[in-house]
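Novice: Before we start, here is the structure in question, set down as structure tokens.
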Amino acid sequence: MSQMIQFTIDGVEVTGQTGQTIMQAADAAGIYIPRLCFLKGLSPYGACRVCTVMVNGRPQTACTQPIANDMVVENDTAALLEVRRSIVEMLYVEGNHFCMFCEVSGKCELQALGYRFKMMVPKYPFQYPDREIDASHPDLFIDRSRCVLCARCIRSSKELDGKNAYGFVGRGPSKKIAFNSAEGLAGTEASVDDKAAEACPVGTILKKDTAFRVPYGQRKYDAQPIGSEIEATKPQ
Ligand code: SF4
Ligand code: FES
């Protein structure tokens with residue numbers, strides 16, 4: 001039987017239930033903790049560390065850390081903002097994120113985090129990776145140069161679509177998104193209607209037919225900052 005758990009986030013009393021993570025309890029309380037590899041409905045992955053919070057003075061990922069009574073969580077601090085901004089900056093320079101040309105500009109979570117964190121010019125050098133694209137699928141296009149290795153497509157394909165179309169190969173800088181077929185994505189069961197085709201937070205998985213259907217300027221994060229839908233639910 002679940003029990004109530006009380007703790008604080010930035011000094012605000014939060015009540016959650018046993019089994020919840022910090023992020024789940026924060027979301028329910030209308031407190032936004034930035035995230036990138038987390039996607040509601042999928043098992044947590046804990047890879048990007050954008051959701052790093054301080055728990056009783058120690059860094060933890062909010063998407064994986066269970067809540068406990070009397071826990072003291074810090075989320076909205078200058079130091080954590082700097083950590084998160086640095087992570088986003090690193091992800092920007094590791095890929096080819098040219099927002100002005102990108103199909104997902106305005107609905108990209110990485111771009112929206114950059115705006116939220118007031119990122120200006122990244123302090124790291126751009127790497128301009130040359131990674132192969134996969135256009136083999138009739139309805140989907142894969143640009144690996146924008147992949148942030150969040151595994152949202154992999155988890156969605158397995159956990160929500162009941163398929164196993166996507167995976168990773170390689171290690172370290174060579175790690176990249178791959179498909180469960182030697183023929184590329186076209187050789188898998190992947191479909192444009194899959195949850196996995198919706199799960200990508202950046203512009204790696206693109207739908208060929210619907211690209212640019214919503215014009216720039218009318219996309220989700222053109223109208224509201226990322227996280228504002230959670231903050232709007234905070235009790236006054
Ligand atoms: S293709 Fe998209 S969803 Fe899949 S790992 Fe890369 S960034 Fe994440
Ligand atoms: S959102 Fe928690 S580690 Fe990525």
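Identifiers for the structure tokens are assigned positionally: chains receive A, B, ... in sequence, residues are indexed from 1 per chain, and ligands are indexed from 1 in the order shown.
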Applying 10 Å and only C-alpha atoms, which residues near Val88 (chain A) remain after dropping the ones on its own chain fewer than 2 positions away? List them as a ChimeraX atom specification.
Specialist: /A:36,48-50,82-86,90-94,110-111,113-114,117,119,122,148
Novice: Pick out the residues no farther than 10 Å from ligand 2, counting only C-alpha atoms and all ligand atoms, and list them as number ranges by chain.
Specialist: A: 23, 33-39, 44-53, 60-65, 150-151
Novice: Write down as a list of chain:residue names the residues of region 46-197 of chain A whose backbone DSSP state falls under strand (DSSP E or B).
Specialist: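 Written out, the strand (DSSP E or B) residues of region 46-197 of chain A are A:Thr52, A:Val53, A:Met54, A:Val55, A:Arg58, A:Pro59, A:Gln60, A:Thr61, A:Pro66, A:Val72, A:Val73, A:Glu74, A:Ile133, A:Asp134, A:Leu140, A:Phe141, A:Ile142, A:Asp143, A:Tyr166, A:Gly167, A:Phe168, A:Val169, A:Lys176, A:Ile177, A:Ala178, A:Phe179.
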Novice: Collect all residues with atoms no farther than 8 Å from ligand 1, counting only C-alpha atoms and all ligand atoms, and output them as a list in words.
Specialist: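 After applying the 8 Å limit, what remains is Cys37, Ile142, Asp143, Arg144, Arg146, Cys147, Val148, Leu149, Cys150, Ala151, Arg152, Cys153, Ile154, Tyr166, Phe168, Lys176, Ile177, Ala196, Ala199, Cys200, Pro201, Val202, Gly203, Thr204 and Ile205 of chain A.
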Novice: Between CA of Ala197 (chain A) and CA of Asp161 (chain A), what is the distance, to one decimal in Å?
Specialist: 10.1 Å
Novice: If you measure from CA of Gly16 (chain A) to CA of Met4 (chain A), what distance in Å do you get, rounded to one decimal?
Specialist: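 About the pair CA of Gly16 (chain A) and CA of Met4 (chain A): they are 5.7 Å apart.
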Novice: Taking the DSSP assignment computed from this structure's backbone, write out as a PyMOL selection string all residues of region 46-124 of chain A that belong to alpha helix (DSSP H).
Specialist: chain A and resi 78-94+109-116
Novice: Any idea what the distance is between CA of Asp70 (chain A) and CA of Gln6 (chain A)?
Specialist: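 Interatomic distance here is 6.1 Å.
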Novice: A:Phe101, A:Phe141, A:Tyr115, A:Tyr124: which is nearest Tyr216 (chain A), counting only C-alpha atoms?
Specialist: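 The shortest atom-to-atom distance to Tyr216 (chain A) comes from A:Phe101.
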Novice: Of the residues A:Asp27, A:Glu183, A:Asp76, A:Glu198, which is the one nearest to Lys107 (chain A), using only C-alpha atoms?
Specialist: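 Nearest to Lys107 (chain A): A:Glu198.
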Novice: Neighbours of Ala182 (chain A) within 12 Å (only C-alpha atoms; same-chain residues fewer than 4 positions away dropped), as JSON, numbers by chain?
Specialist: {"A": [134, 136, 165, 178, 186, 187, 188]}
Novice: Set the distance at 8 Å and use only C-alpha atoms: which residues neighbour Ile230 (chain A) once local chain neighbours fewer than 6 positions away are removed? I'd like the list as a PDB file with all heavy atoms, in the first residue's frame.
Specialist:
```
ATOM      1  N   ASP A  27       6.561  17.067 -10.680  1.00  0.00           N
ATOM      2  CA  ASP A  27       5.582  17.332 -11.753  1.00  0.00           C
ATOM      3  C   ASP A  27       4.176  17.468 -11.158  1.00  0.00           C
ATOM      4  O   ASP A  27       3.422  18.383 -11.514  1.00  0.00           O
ATOM      5  CB  ASP A  27       5.565  16.182 -12.773  1.00  0.00           C
ATOM      6  CG  ASP A  27       6.724  16.246 -13.761  1.00  0.00           C
ATOM      7  OD1 ASP A  27       7.557  17.177 -13.651  1.00  0.00           O
ATOM      8  OD2 ASP A  27       6.794  15.361 -14.640  1.00  0.00           O
ATOM      9  N   GLY A  30       3.564  20.757  -9.639  1.00  0.00           N
ATOM     10  CA  GLY A  30       3.688  21.933 -10.508  1.00  0.00           C
ATOM     11  C   GLY A  30       5.071  22.558 -10.479  1.00  0.00           C
ATOM     12  O   GLY A  30       5.241  23.733 -10.800  1.00  0.00           O
ATOM     13  N   ILE A  31       6.067  21.754 -10.118  1.00  0.00           N
ATOM     14  CA  ILE A  31       7.453  22.247 -10.088  1.00  0.00           C
ATOM     15  C   ILE A  31       8.205  21.596 -11.251  1.00  0.00           C
ATOM     16  O   ILE A  31       8.322  20.367 -11.317  1.00  0.00           O
ATOM     17  CB  ILE A  31       8.137  21.899  -8.745  1.00  0.00           C
ATOM     18  CG1 ILE A  31       7.402  22.592  -7.596  1.00  0.00           C
ATOM     19  CG2 ILE A  31       9.619  22.286  -8.774  1.00  0.00           C
ATOM     20  CD1 ILE A  31       7.842  22.124  -6.214  1.00  0.00           C
ATOM     21  N   TYR A  32       8.698  22.408 -12.135  1.00  0.00           N
ATOM     22  CA  TYR A  32       9.399  21.878 -13.309  1.00  0.00           C
ATOM     23  C   TYR A  32      10.866  21.637 -12.996  1.00  0.00           C
ATOM     24  O   TYR A  32      11.571  22.541 -12.552  1.00  0.00           O
ATOM     25  CB  TYR A  32       9.282  22.859 -14.471  1.00  0.00           C
ATOM     26  CG  TYR A  32      10.105  22.487 -15.689  1.00  0.00           C
ATOM     27  CD1 TYR A  32       9.840  21.325 -16.401  1.00  0.00           C
ATOM     28  CD2 TYR A  32      11.137  23.316 -16.118  1.00  0.00           C
ATOM     29  CE1 TYR A  32      10.597  20.980 -17.512  1.00  0.00           C
ATOM     30  CE2 TYR A  32      11.893  22.982 -17.246  1.00  0.00           C
ATOM     31  CZ  TYR A  32      11.614  21.817 -17.936  1.00  0.00           C
ATOM     32  OH  TYR A  32      12.362  21.480 -19.034  1.00  0.00           O
TER      33      TYR A  32
END
```
Novice: For Ser2 (chain A), work out the shell of residues within 9 Å, counting only C-alpha atoms and skipping chain neighbours fewer than 3 positions away, then give it as a list of chain:residue names.
Specialist: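 In the requested form, the answer reads A:Gln17, A:Thr18, A:Gly19.
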Novice: Selected residues, all heavy atoms, written as an mmCIF file, in the first residue's frame, please.
Specialist:
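part19.cif, written as the output of this step:
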```cif
data_model
loop_
_atom_site.group_PDB
_atom_site.id
_atom_site.type_symbol
_atom_site.label_atom_id
_atom_site.label_comp_id
_atom_site.auth_asym_id
_atom_site.auth_seq_id
_atom_site.Cartn_x
_atom_site.Cartn_y
_atom_site.Cartn_z
ATOM 1 N N GLN A 17 4.127 10.030 -3.011
ATOM 2 C CA GLN A 17 3.775 8.687 -2.550
ATOM 3 C C GLN A 17 4.973 7.762 -2.723
ATOM 4 O O GLN A 17 5.797 7.983 -3.619
ATOM 5 C CB GLN A 17 2.600 8.149 -3.365
ATOM 6 C CG GLN A 17 1.342 8.950 -3.121
ATOM 7 C CD GLN A 17 0.165 8.435 -3.930
ATOM 8 O OE1 GLN A 17 0.333 7.584 -4.788
ATOM 9 N NE2 GLN A 17 -1.001 8.952 -3.639
ATOM 10 N N THR A 18 5.012 6.737 -1.920
ATOM 11 C CA THR A 18 6.113 5.781 -2.038
ATOM 12 C C THR A 18 6.188 5.254 -3.472
ATOM 13 O O THR A 18 5.159 5.018 -4.102
ATOM 14 C CB THR A 18 5.912 4.580 -1.091
ATOM 15 O OG1 THR A 18 4.564 4.153 -1.179
ATOM 16 C CG2 THR A 18 6.277 4.896 0.323
ATOM 17 N N GLY A 19 7.378 5.093 -3.953
ATOM 18 C CA GLY A 19 7.573 4.584 -5.309
ATOM 19 C C GLY A 19 7.741 5.687 -6.332
ATOM 20 O O GLY A 19 8.208 5.422 -7.440
#
```
Novice: With distances taken over only C-alpha atoms, which of A:Ala28, A:Met120, A:Ala79, A:Val73 is nearest to Glu231 (chain A)?
Specialist: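 Answer, going by the shortest atom-to-atom distance: A:Ala28.
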Novice: Pick from A:Arg171, A:Gln218, A:Leu80, A:Gln127: nearest to Val55 (chain A), with only C-alpha atoms counted?
Specialist: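 The closest residue to Val55 (chain A) is A:Leu80.
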